[in-house]
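Structure file model.txt with compact mmCIF, C-alpha atoms:
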```txt
# COMPACT_ATOMS: atom_id res chain seq x y z
CA MET A 1 81.19 91.89 115.37
CA THR A 2 83.18 88.66 115.43
CA THR A 3 86.95 88.55 115.23
CA GLY A 4 86.67 86.98 111.79
CA ALA A 5 84.42 89.76 110.58
CA ARG A 6 86.79 92.41 111.90
CA LEU A 7 89.70 90.76 110.13
CA ARG A 8 87.75 90.52 106.88
CA ARG A 9 86.87 94.21 107.08
CA GLY A 10 90.39 95.16 108.13
CA TRP A 11 91.99 93.29 105.28
CA PHE A 12 89.46 94.42 102.67
CA SER A 13 92.08 96.96 101.58
CA VAL A 14 94.36 94.09 100.59
CA VAL A 15 91.61 92.65 98.43
CA VAL A 16 91.12 96.08 96.92
CA LEU A 17 94.79 96.16 95.94
CA GLY A 18 94.28 92.91 94.06
CA LEU A 19 91.15 94.21 92.39
CA LEU A 20 93.00 97.32 91.33
CA SER A 21 95.65 95.25 89.60
CA CYS A 22 93.30 92.72 88.02
CA CYS A 23 90.04 94.53 87.34
CA LEU A 24 91.46 97.95 86.56
CA ALA A 25 94.62 96.64 84.89
CA VAL A 26 96.77 99.10 86.76
CA GLY A 27 99.69 97.59 88.68
CA LEU A 28 100.63 99.06 92.02
CA SER A 29 104.06 99.85 90.67
CA GLN A 30 102.44 102.02 88.00
CA ALA A 31 100.21 103.73 90.54
CA LEU A 32 103.23 104.67 92.61
CA ALA A 33 104.93 106.33 89.62
CA VAL A 34 103.49 109.82 90.00
CA GLN A 35 104.09 113.10 88.31
CA ALA A 36 102.60 116.58 88.31
CA ASP A 37 100.38 117.38 85.33
CA ASP A 38 101.31 120.56 83.49
CA THR A 39 98.29 120.92 81.20
CA TYR A 40 95.30 120.84 83.55
CA VAL A 41 94.54 124.24 85.09
CA TRP A 42 94.29 123.77 88.84
CA ASP A 43 91.85 125.95 90.77
CA ALA A 44 94.53 126.96 93.25
CA PRO A 45 96.38 130.16 94.18
CA SER A 46 99.72 130.86 92.52
CA TRP A 47 101.66 130.30 95.75
CA ALA A 48 100.31 126.76 96.21
CA PRO A 49 102.00 123.54 95.11
CA LYS A 50 100.12 121.10 92.91
CA PRO A 51 98.76 117.73 93.96
CA VAL A 52 100.67 114.71 92.73
CA VAL A 53 98.86 112.90 89.92
CA PRO A 54 99.33 109.25 88.87
CA ASP A 55 100.71 109.05 85.35
CA THR A 56 98.05 106.41 84.66
CA ASN A 57 95.28 108.97 85.27
CA PRO A 58 96.27 112.45 84.07
CA MET A 59 93.94 115.32 84.86
CA SER A 60 91.65 116.89 82.27
CA ALA A 61 88.67 119.21 82.51
CA ALA A 62 86.46 116.66 80.74
CA LYS A 63 87.46 113.90 83.14
CA VAL A 64 86.89 116.08 86.20
CA GLU A 65 83.42 117.08 84.97
CA LEU A 66 82.52 113.46 84.31
CA GLY A 67 83.78 112.61 87.79
CA ARG A 68 81.59 115.33 89.28
CA HIS A 69 78.50 113.77 87.71
CA LEU A 70 79.49 110.29 88.88
CA PHE A 71 80.28 111.56 92.39
CA TYR A 72 76.67 112.72 92.71
CA GLU A 73 75.11 109.82 90.74
CA LYS A 74 72.58 108.00 92.94
CA ARG A 75 72.25 105.16 90.45
CA LEU A 76 75.66 104.01 91.65
CA SER A 77 74.05 102.79 94.88
CA VAL A 78 72.09 99.61 95.42
CA ASN A 79 69.06 101.51 96.74
CA GLY A 80 69.24 104.27 94.11
CA GLN A 81 69.07 106.86 96.89
CA GLN A 82 72.70 107.56 97.77
CA SER A 83 75.87 108.72 96.08
CA CYS A 84 79.36 109.68 97.16
CA GLY A 85 77.92 113.13 97.72
CA SER A 86 75.45 111.80 100.29
CA CYS A 87 78.23 111.33 102.85
CA HIS A 88 80.40 114.17 101.55
CA LEU A 89 78.38 117.41 101.49
CA GLN A 90 79.99 120.46 99.93
CA SER A 91 78.42 122.76 102.53
CA LEU A 92 80.25 120.81 105.26
CA ALA A 93 83.60 120.70 103.44
CA PHE A 94 82.59 117.30 102.04
CA THR A 95 81.75 115.64 105.36
CA ASP A 96 78.23 114.67 106.48
CA GLY A 97 77.85 116.16 109.97
CA LYS A 98 77.07 112.75 111.48
CA GLN A 99 78.90 110.97 114.27
CA VAL A 100 79.37 107.99 111.95
CA SER A 101 78.23 107.50 108.39
CA GLU A 102 75.43 105.23 107.26
CA GLY A 103 75.44 103.02 104.18
CA THR A 104 72.69 102.09 101.74
CA THR A 105 71.50 99.23 103.96
CA GLY A 106 71.19 101.49 106.99
CA GLU A 107 74.25 99.98 108.64
CA ALA A 108 76.06 102.43 110.90
CA HIS A 109 79.75 102.54 110.10
CA PRO A 110 82.37 102.50 112.85
CA ARG A 111 83.95 105.74 111.61
CA SER A 112 82.96 109.20 110.48
CA ALA A 113 83.22 110.50 106.93
CA MET A 114 86.51 112.35 106.43
CA SER A 115 86.57 115.68 104.64
CA LEU A 116 87.52 115.49 100.96
CA ALA A 117 88.83 119.06 100.93
CA ASN A 118 92.42 118.89 99.66
CA VAL A 119 92.28 115.10 99.51
CA GLY A 120 94.59 115.29 96.49
CA TYR A 121 97.34 116.44 98.86
CA SER A 122 96.88 113.48 101.23
CA SER A 123 99.58 110.82 101.19
CA VAL A 124 97.35 108.19 102.80
CA LEU A 125 93.58 107.93 102.58
CA THR A 126 90.98 106.93 105.18
CA TRP A 127 91.48 107.01 108.91
CA ALA A 128 93.78 104.07 109.54
CA ASN A 129 94.89 102.18 106.44
CA PRO A 130 98.55 102.74 105.54
CA LEU A 131 98.05 100.71 102.35
CA MET A 132 95.40 103.05 100.92
CA ARG A 133 97.43 105.67 99.06
CA HIS A 134 95.62 106.38 95.77
CA LEU A 135 92.16 107.75 95.10
CA GLU A 136 91.69 105.36 92.18
CA GLN A 137 92.30 102.49 94.58
CA GLN A 138 90.20 103.92 97.42
CA MET A 139 87.12 104.46 95.23
CA LEU A 140 86.61 100.70 95.01
CA THR A 141 85.90 100.53 98.75
CA PRO A 142 82.73 102.69 98.93
CA LEU A 143 81.51 101.28 95.63
CA PHE A 144 82.03 97.57 96.23
CA GLY A 145 82.93 97.14 99.92
CA GLU A 146 80.78 94.79 102.00
CA GLU A 147 82.07 95.21 105.56
CA PRO A 148 80.68 97.74 106.07
CA VAL A 149 78.36 98.29 103.10
CA GLU A 150 78.55 101.80 101.67
CA LEU A 151 77.06 102.09 98.18
CA GLY A 152 76.44 98.35 98.04
CA MET A 153 77.33 97.61 94.42
CA ALA A 154 79.40 94.46 94.98
CA GLY A 155 78.69 92.00 92.17
CA LYS A 156 76.76 94.61 90.18
CA GLU A 157 79.52 95.69 87.80
CA SER A 158 77.50 94.67 84.73
CA GLN A 159 74.51 96.63 86.01
CA ILE A 160 76.66 99.73 86.44
CA LEU A 161 78.12 99.47 82.93
CA ALA A 162 74.69 98.89 81.37
CA MET A 163 73.29 101.98 83.09
CA LEU A 164 76.16 104.15 81.89
CA ARG A 165 76.04 102.85 78.32
CA GLN A 166 72.29 103.41 78.06
CA ASP A 167 72.62 107.03 79.22
CA ASP A 168 73.40 109.22 76.19
CA ASN A 169 74.90 111.96 78.36
CA TYR A 170 77.30 109.58 80.06
CA ALA A 171 78.17 107.89 76.78
CA GLN A 172 79.28 111.25 75.38
CA MET A 173 81.09 112.34 78.53
CA PHE A 174 83.07 109.09 78.79
CA ALA A 175 83.94 109.26 75.08
CA THR A 176 85.28 112.79 75.55
CA ALA A 177 87.12 112.13 78.81
CA PHE A 178 88.73 108.90 77.58
CA ALA A 179 89.03 109.65 73.89
CA ASP A 180 92.14 107.50 73.46
CA SER A 181 90.39 104.35 74.70
CA ASP A 182 88.67 101.76 72.54
CA GLU A 183 86.29 101.14 75.45
CA PRO A 184 85.63 104.47 77.18
CA ILE A 185 82.97 103.16 79.56
CA SER A 186 84.50 100.82 82.10
CA ILE A 187 84.76 100.40 85.87
CA ARG A 188 88.38 101.48 85.58
CA HIS A 189 87.44 104.75 83.91
CA LEU A 190 84.56 105.33 86.32
CA THR A 191 86.94 105.19 89.28
CA PHE A 192 89.53 107.27 87.45
CA ALA A 193 86.99 110.02 86.72
CA ILE A 194 85.75 110.21 90.32
CA ALA A 195 89.35 110.25 91.54
CA ALA A 196 90.12 113.15 89.18
CA PHE A 197 87.14 115.12 90.50
CA GLU A 198 88.17 114.47 94.10
CA ARG A 199 91.72 115.59 93.29
CA SER A 200 90.30 118.89 92.02
CA LEU A 201 88.74 119.71 95.42
CA ILE A 202 91.35 122.26 96.47
CA SER A 203 90.54 124.50 99.43
CA LEU A 204 93.22 127.18 99.94
CA ASP A 205 91.22 130.41 100.04
CA SER A 206 90.45 130.95 103.71
CA SER A 207 90.95 134.24 105.49
CA TYR A 208 94.04 132.66 107.06
CA ASP A 209 95.46 132.08 103.58
CA SER A 210 94.88 135.73 102.74
CA TYR A 211 96.77 136.66 105.90
CA ARG A 212 99.61 134.14 105.78
CA TYR A 213 100.15 133.80 102.01
CA GLY A 214 98.25 136.68 100.43
CA GLY A 215 99.98 139.53 102.23
CA ASP A 216 96.86 140.93 103.92
CA PRO A 217 97.76 141.66 107.58
CA ASN A 218 94.13 142.47 108.39
CA ALA A 219 92.55 139.31 106.95
CA ILE A 220 92.25 137.68 110.37
CA SER A 221 91.54 139.11 113.81
CA ALA A 222 94.03 139.85 116.55
CA ALA A 223 92.53 136.94 118.48
CA ALA A 224 93.17 134.58 115.56
CA LYS A 225 96.78 135.79 115.36
CA ARG A 226 97.25 135.03 119.04
CA GLY A 227 95.63 131.66 118.46
CA GLU A 228 98.05 130.93 115.62
CA ARG A 229 100.97 131.56 117.96
CA LEU A 230 99.47 129.20 120.53
CA PHE A 231 98.84 126.56 117.88
CA HIS A 232 102.49 126.61 116.82
CA SER A 233 103.87 126.73 120.35
CA GLU A 234 105.80 123.92 122.03
CA ALA A 235 103.37 124.21 124.94
CA LEU A 236 100.42 122.96 122.87
CA GLU A 237 102.31 120.85 120.28
CA CYS A 238 99.39 121.07 117.78
CA PHE A 239 101.65 121.81 114.81
CA HIS A 240 103.58 118.54 115.09
CA CYS A 241 100.61 116.54 113.78
CA HIS A 242 98.65 119.35 112.12
CA GLY A 243 101.29 121.39 110.32
CA GLY A 244 102.16 122.40 106.79
CA LEU A 245 100.00 123.16 103.79
CA ILE A 246 96.92 121.18 104.80
CA PHE A 247 97.49 121.13 108.57
CA SER A 248 98.18 117.40 108.59
CA ASP A 249 101.39 115.39 108.74
CA SER A 250 100.22 112.99 106.03
CA VAL A 251 100.86 115.03 102.92
CA ARG A 252 102.43 114.98 99.48
CA HIS A 253 102.64 117.50 96.66
CA ASP A 254 104.93 118.36 93.77
CA ARG A 255 107.32 120.46 95.90
CA LEU A 256 108.07 117.76 98.46
CA ALA A 257 111.11 115.57 97.97
CA PHE A 258 109.49 112.75 99.94
CA THR A 259 106.06 111.64 101.07
CA GLU A 260 105.04 112.21 104.68
CA ALA A 261 102.62 109.76 106.32
CA ALA A 262 101.87 109.33 110.01
CA PHE A 263 99.33 107.86 112.41
CA HIS A 264 98.86 108.75 116.07
CA ASN A 265 97.26 107.48 119.26
CA THR A 266 95.74 110.53 120.98
CA GLY A 267 94.59 108.87 124.19
CA LEU A 268 90.96 108.94 123.16
CA TYR A 269 90.43 105.54 124.83
CA ASN A 270 92.17 103.24 127.30
CA VAL A 271 89.62 100.49 127.74
CA ASP A 272 91.68 97.95 129.67
CA GLY A 273 94.27 100.21 131.24
CA GLU A 274 96.84 98.85 128.83
CA GLY A 275 95.96 100.98 125.84
CA ALA A 276 93.11 99.06 124.20
CA TYR A 277 90.60 100.81 121.94
CA PRO A 278 87.03 99.64 121.17
CA PRO A 279 87.23 96.36 119.24
CA ASN A 280 85.60 97.77 116.08
CA ASN A 281 87.98 100.76 115.99
CA THR A 282 91.54 99.70 116.74
CA GLY A 283 93.21 101.92 114.15
CA VAL A 284 96.27 100.81 112.21
CA TYR A 285 96.44 97.72 114.45
CA GLU A 286 93.52 96.30 112.46
CA ILE A 287 95.78 96.13 109.41
CA THR A 288 99.18 95.33 110.91
CA HIS A 289 98.30 93.42 114.11
CA ASP A 290 101.30 95.13 115.66
CA PRO A 291 100.40 95.95 119.30
CA ARG A 292 102.24 99.26 118.96
CA ASP A 293 99.67 100.35 116.34
CA MET A 294 96.69 100.05 118.67
CA GLY A 295 94.64 103.24 118.51
CA ARG A 296 96.78 104.95 115.88
CA PHE A 297 94.78 107.03 113.40
CA LYS A 298 95.61 109.62 110.78
CA ALA A 299 95.69 113.26 111.86
CA PRO A 300 93.09 114.80 109.52
CA SER A 301 93.47 118.19 107.91
CA LEU A 302 92.29 121.07 110.08
CA ARG A 303 91.28 123.18 107.09
CA ASN A 304 87.55 123.97 107.34
CA ILE A 305 87.58 122.35 110.78
CA ALA A 306 84.75 124.59 112.00
CA LEU A 307 82.48 122.91 109.43
CA THR A 308 83.39 119.28 110.03
CA ALA A 309 82.06 118.45 113.52
CA PRO A 310 81.75 116.03 115.20
CA TYR A 311 85.44 115.18 115.57
CA MET A 312 87.79 112.20 115.90
CA HIS A 313 87.65 109.00 113.90
CA ASP A 314 84.41 107.88 115.53
CA GLY A 315 82.75 111.29 115.84
CA SER A 316 82.76 110.98 119.62
CA VAL A 317 83.86 114.57 120.29
CA ALA A 318 81.06 117.00 119.51
CA THR A 319 82.64 120.46 119.42
CA LEU A 320 85.91 122.32 119.01
CA GLU A 321 85.72 123.23 122.68
CA ALA A 322 85.47 119.56 123.62
CA ALA A 323 88.34 118.68 121.26
CA ILE A 324 90.56 121.29 122.92
CA ALA A 325 89.56 119.96 126.34
CA HIS A 326 90.58 116.45 125.25
CA TYR A 327 94.07 117.59 124.26
CA SER A 328 94.37 119.90 127.24
CA ALA A 329 93.79 116.91 129.53
CA GLY A 330 96.36 114.85 127.64
CA GLY A 331 93.69 112.28 126.77
CA ARG A 332 90.03 111.68 127.44
CA THR A 333 88.63 110.13 130.60
CA LEU A 334 85.42 108.12 130.27
CA ASN A 335 84.03 107.34 133.70
CA THR A 336 81.20 105.03 132.66
CA GLY A 337 80.11 102.78 129.82
CA PRO A 338 81.70 99.85 128.00
CA TYR A 339 84.73 101.89 126.95
CA ALA A 340 85.45 103.57 130.29
CA GLY A 341 89.08 104.36 130.95
CA ILE A 342 91.63 107.10 131.50
CA GLY A 343 93.04 108.08 128.13
CA SER A 344 95.76 110.27 129.56
CA LEU A 345 97.29 107.10 131.05
CA ASN A 346 97.22 105.19 127.76
CA PRO A 347 100.76 103.72 127.48
CA LEU A 348 100.57 103.79 123.67
CA LYS A 349 99.67 107.48 123.49
CA SER A 350 101.72 109.83 121.30
CA PRO A 351 104.38 111.78 123.25
CA PHE A 352 102.94 114.97 121.73
CA ILE A 353 99.70 114.45 123.71
CA LYS A 354 101.03 115.60 127.05
CA GLY A 355 98.38 118.09 128.17
CA PHE A 356 98.46 121.86 128.71
CA GLU A 357 96.66 124.66 130.49
CA LEU A 358 94.80 127.49 128.75
CA SER A 359 93.02 130.52 130.10
CA GLU A 360 89.52 131.15 128.79
CA GLN A 361 90.91 133.94 126.60
CA GLU A 362 93.59 131.67 125.17
CA LYS A 363 91.00 129.00 124.39
CA GLN A 364 88.88 131.55 122.52
CA ASP A 365 91.97 132.78 120.67
CA LEU A 366 92.75 129.23 119.57
CA ILE A 367 89.17 128.75 118.37
CA ALA A 368 89.37 132.06 116.48
CA PHE A 369 92.45 130.76 114.67
CA LEU A 370 90.75 127.47 113.81
CA ASN A 371 87.71 129.37 112.52
CA SER A 372 89.99 131.40 110.24
CA LEU A 373 90.75 128.17 108.33
CA THR A 374 87.22 128.09 106.87
CA ASP A 375 87.16 128.57 103.09
CA GLN A 376 83.83 130.10 102.09
CA THR A 377 84.76 130.13 98.40
CA PHE A 378 85.31 126.38 98.48
CA ILE A 379 81.97 125.44 99.98
CA HIS A 380 80.13 127.62 97.45
CA ASN A 381 82.18 126.81 94.35
CA PRO A 382 79.68 125.74 91.64
CA THR A 383 82.26 123.55 89.89
CA PHE A 384 82.18 121.24 92.94
CA SER A 385 78.39 121.23 93.33
CA ASN A 386 75.76 118.63 92.53
CA PRO A 387 74.95 118.88 88.79
CA PHE A 388 71.59 117.17 89.35
CA ALA A 389 70.35 119.54 92.06
CA GLY A 390 67.43 121.84 91.54
```
For this file, write the structure as structure tokens.
Amino acid sequence: MTTGARLRRGWFSVVVLGLLSCCLAVGLSQALAVQADDTYVWDAPSWAPKPVVPDTNPMSAAKVELGRHLFYEKRLSVNGQQSCGSCHLQSLAFTDGKQVSEGTTGEAHPRSAMSLANVGYSSVLTWANPLMRHLEQQMLTPLFGEEPVELGMAGKESQILAMLRQDDNYAQMFATAFADSDEPISIRHLTFAIAAFERSLISLDSSYDSYRYGGDPNAISAAAKRGERLFHSEALECFHCHGGLIFSDSVRHDRLAFTEAAFHNTGLYNVDGEGAYPPNNTGVYEITHDPRDMGRFKAPSLRNIALTAPYMHDGSVATLEAAIAHYSAGGRTLNTGPYAGIGSLNPLKSPFIKGFELSEQEKQDLIAFLNSLTDQTFIHNPTFSNPFAG
């Protein structure tokens, strides 16, 4: 990929911001004015905070159901064979199980599909774009983005609208979901409905939740309890980047006084001995061009982590055991190949990635804790499933 192409892809988010203002008629200042909705019934336990909702796109059951249909609608792809749900499978906590995702043209993307579980609680979206903060904004990227191509619908807005207007079911669903609008079917409303559905994807019913918040001391094993203590220890430092409600330090909800957002270099690469990452995956640096941002990526949520392998932004770590080994070493060493280097010596690495030693029992305890974060109710919830299946 040429430098120009990388810059075009890296700055596509800036173009998206302009599209959001012009095409969707929603200014960024409006999108930042957020409030919790008090009428929509969230599928969340009583102890949990609510996601923050833009006042331009309040939640409703009708809008969420419309969004569910659109999320799984294959006619929103240029080849008619893919949908949002193709790269975000409910059975895998809305990831795809691939090292990197693949778009409608067969192009392999540089990054893996992030889990959409609890995405409504995320303060920043995608792996490394500090500008991408709203689901309504982000939806434009998979739909219309060209570098890389995802659904491949750039320039096909009229085709999308014609398809929706000719479908009696969609015509009724849009009219119900956007009853106050003179023009219910629009690209703006399409993105708003999908965003509302994604915001509804709350996963807070793991066995760990029953133990920690539900008052059931026997909900997780003794090994998982030992693993929890290790996870929150200063020796391992895991909790610094993977703490709080969603086990990530990029979070917002209606009980927080301020938004938390962070990106980290974990020593996954050190290509030139001076901290460089592969040229198609430089992290926040791709947006800011600040050398200090080289290799900095968002710490994803660890909820349902046992379902979302392979790991890291580029899917280059296959298992939980390998992920623990990476952090235990204080960074990954690659002895051969184009990206060979000693990650533990990366000068831009986060100070939290300092390495540690674990016995085999301690490693298994930590894995037991991570497994306890799996939410079986979430991955089988019919309200999140494909309405066109079967």
*For Ile305 (chain A), which residue among A:Asn129, A:Asn270, A:Asn280, A:Thr95 is the nearest when counting all atoms listed in the file?*
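When distances to Ile305 (chain A) are compared using all atoms listed in the file, the smallest one comes from A:Thr95.
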Could you produce a table of the residues of region 212-268 of chain A lying within 8 Å of region 341-364 of chain A, with the nearest pair of atoms per residue and their separation in Å rounded to one decimal, using only C-alpha atoms, ordered by chain and increasing residue number, as JSON lines?
```
{"residue": "A:Ala223", "atom": "CA", "partner": "A:Gln364", "partner_atom": "CA", "distance": 7.7}
{"residue": "A:Arg226", "atom": "CA", "partner": "A:Glu362", "partner_atom": "CA", "distance": 7.9}
{"residue": "A:Gly227", "atom": "CA", "partner": "A:Glu362", "partner_atom": "CA", "distance": 7.0}
{"residue": "A:Leu230", "atom": "CA", "partner": "A:Glu362", "partner_atom": "CA", "distance": 7.9}
{"residue": "A:Ala235", "atom": "CA", "partner": "A:Phe356", "partner_atom": "CA", "distance": 6.6}
{"residue": "A:Leu236", "atom": "CA", "partner": "A:Phe356", "partner_atom": "CA", "distance": 6.3}
{"residue": "A:Glu237", "atom": "CA", "partner": "A:Phe352", "partner_atom": "CA", "distance": 6.1}
{"residue": "A:His240", "atom": "CA", "partner": "A:Phe352", "partner_atom": "CA", "distance": 7.6}
{"residue": "A:His264", "atom": "CA", "partner": "A:Ser350", "partner_atom": "CA", "distance": 6.1}
{"residue": "A:Asn265", "atom": "CA", "partner": "A:Lys349", "partner_atom": "CA", "distance": 4.9}
{"residue": "A:Thr266", "atom": "CA", "partner": "A:Lys349", "partner_atom": "CA", "distance": 5.6}
{"residue": "A:Gly267", "atom": "CA", "partner": "A:Gly343", "partner_atom": "CA", "distance": 4.3}
{"residue": "A:Leu268", "atom": "CA", "partner": "A:Gly343", "partner_atom": "CA", "distance": 5.5}
```
*Just the residues within 10 Å of Ala340 (chain A), please, counting only C-alpha atoms, with nothing from its chain fewer than 2 positions along; format it as a VMD selection string.*
chain A and resid 269 to 273 332 to 338 342 to 343
*Nearest-residue call for Arg133 (chain A), choices A:Lys74, A:His313, A:Arg303, A:Arg252, using all atoms listed in the file*: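 Comparing A:Lys74, A:His313, A:Arg303, A:Arg252 against Arg133 (chain A), the winner is A:Arg252.
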*asked:* Applying 12 Å and all atoms listed in the file, which residues near Val149 (chain A) remain after dropping the ones on its own chain fewer than 4 positions away? List them as a ChimeraX atom specification.
replied: /A:9,12,77-79,101-110,140-145,153-154
Counting all atoms listed in the file, give me one row per residue of region 184-292 of chain A with an atom at most 9 Å from an atom of region 64-72 of chain A, showing the shortest contact pair and its distance in Å to one decimal, sorted by chain then residue number, as a Markdown table.
```
| residue | atom | partner | partner_atom | distance |
| --- | --- | --- | --- | --- |
| A:Leu190 | CA | A:Gly67 | CA | 7.5 |
| A:Thr191 | CA | A:Gly67 | CA | 8.2 |
| A:Phe192 | CA | A:Gly67 | CA | 7.9 |
| A:Ala193 | CA | A:Gly67 | CA | 4.3 |
| A:Ile194 | CA | A:Gly67 | CA | 4.0 |
| A:Ala195 | CA | A:Gly67 | CA | 7.1 |
| A:Ala196 | CA | A:Val64 | CA | 5.3 |
| A:Phe197 | CA | A:Val64 | CA | 4.4 |
| A:Glu198 | CA | A:Gly67 | CA | 7.9 |
| A:Arg199 | CA | A:Val64 | CA | 8.6 |
| A:Ser200 | CA | A:Val64 | CA | 7.3 |
```
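Take the candidates A:Tyr40, A:Trp127, A:Tyr327, A:Phe258 and check each one against Ile287 (chain A) using all atoms listed in the file; the shortest distance goes to A:Trp127.
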*Gap from CA of Ser158 (chain A) to CA of Leu89 (chain A) - Å, one decimal*: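 That distance, rounded to one decimal, is 28.3 Å.
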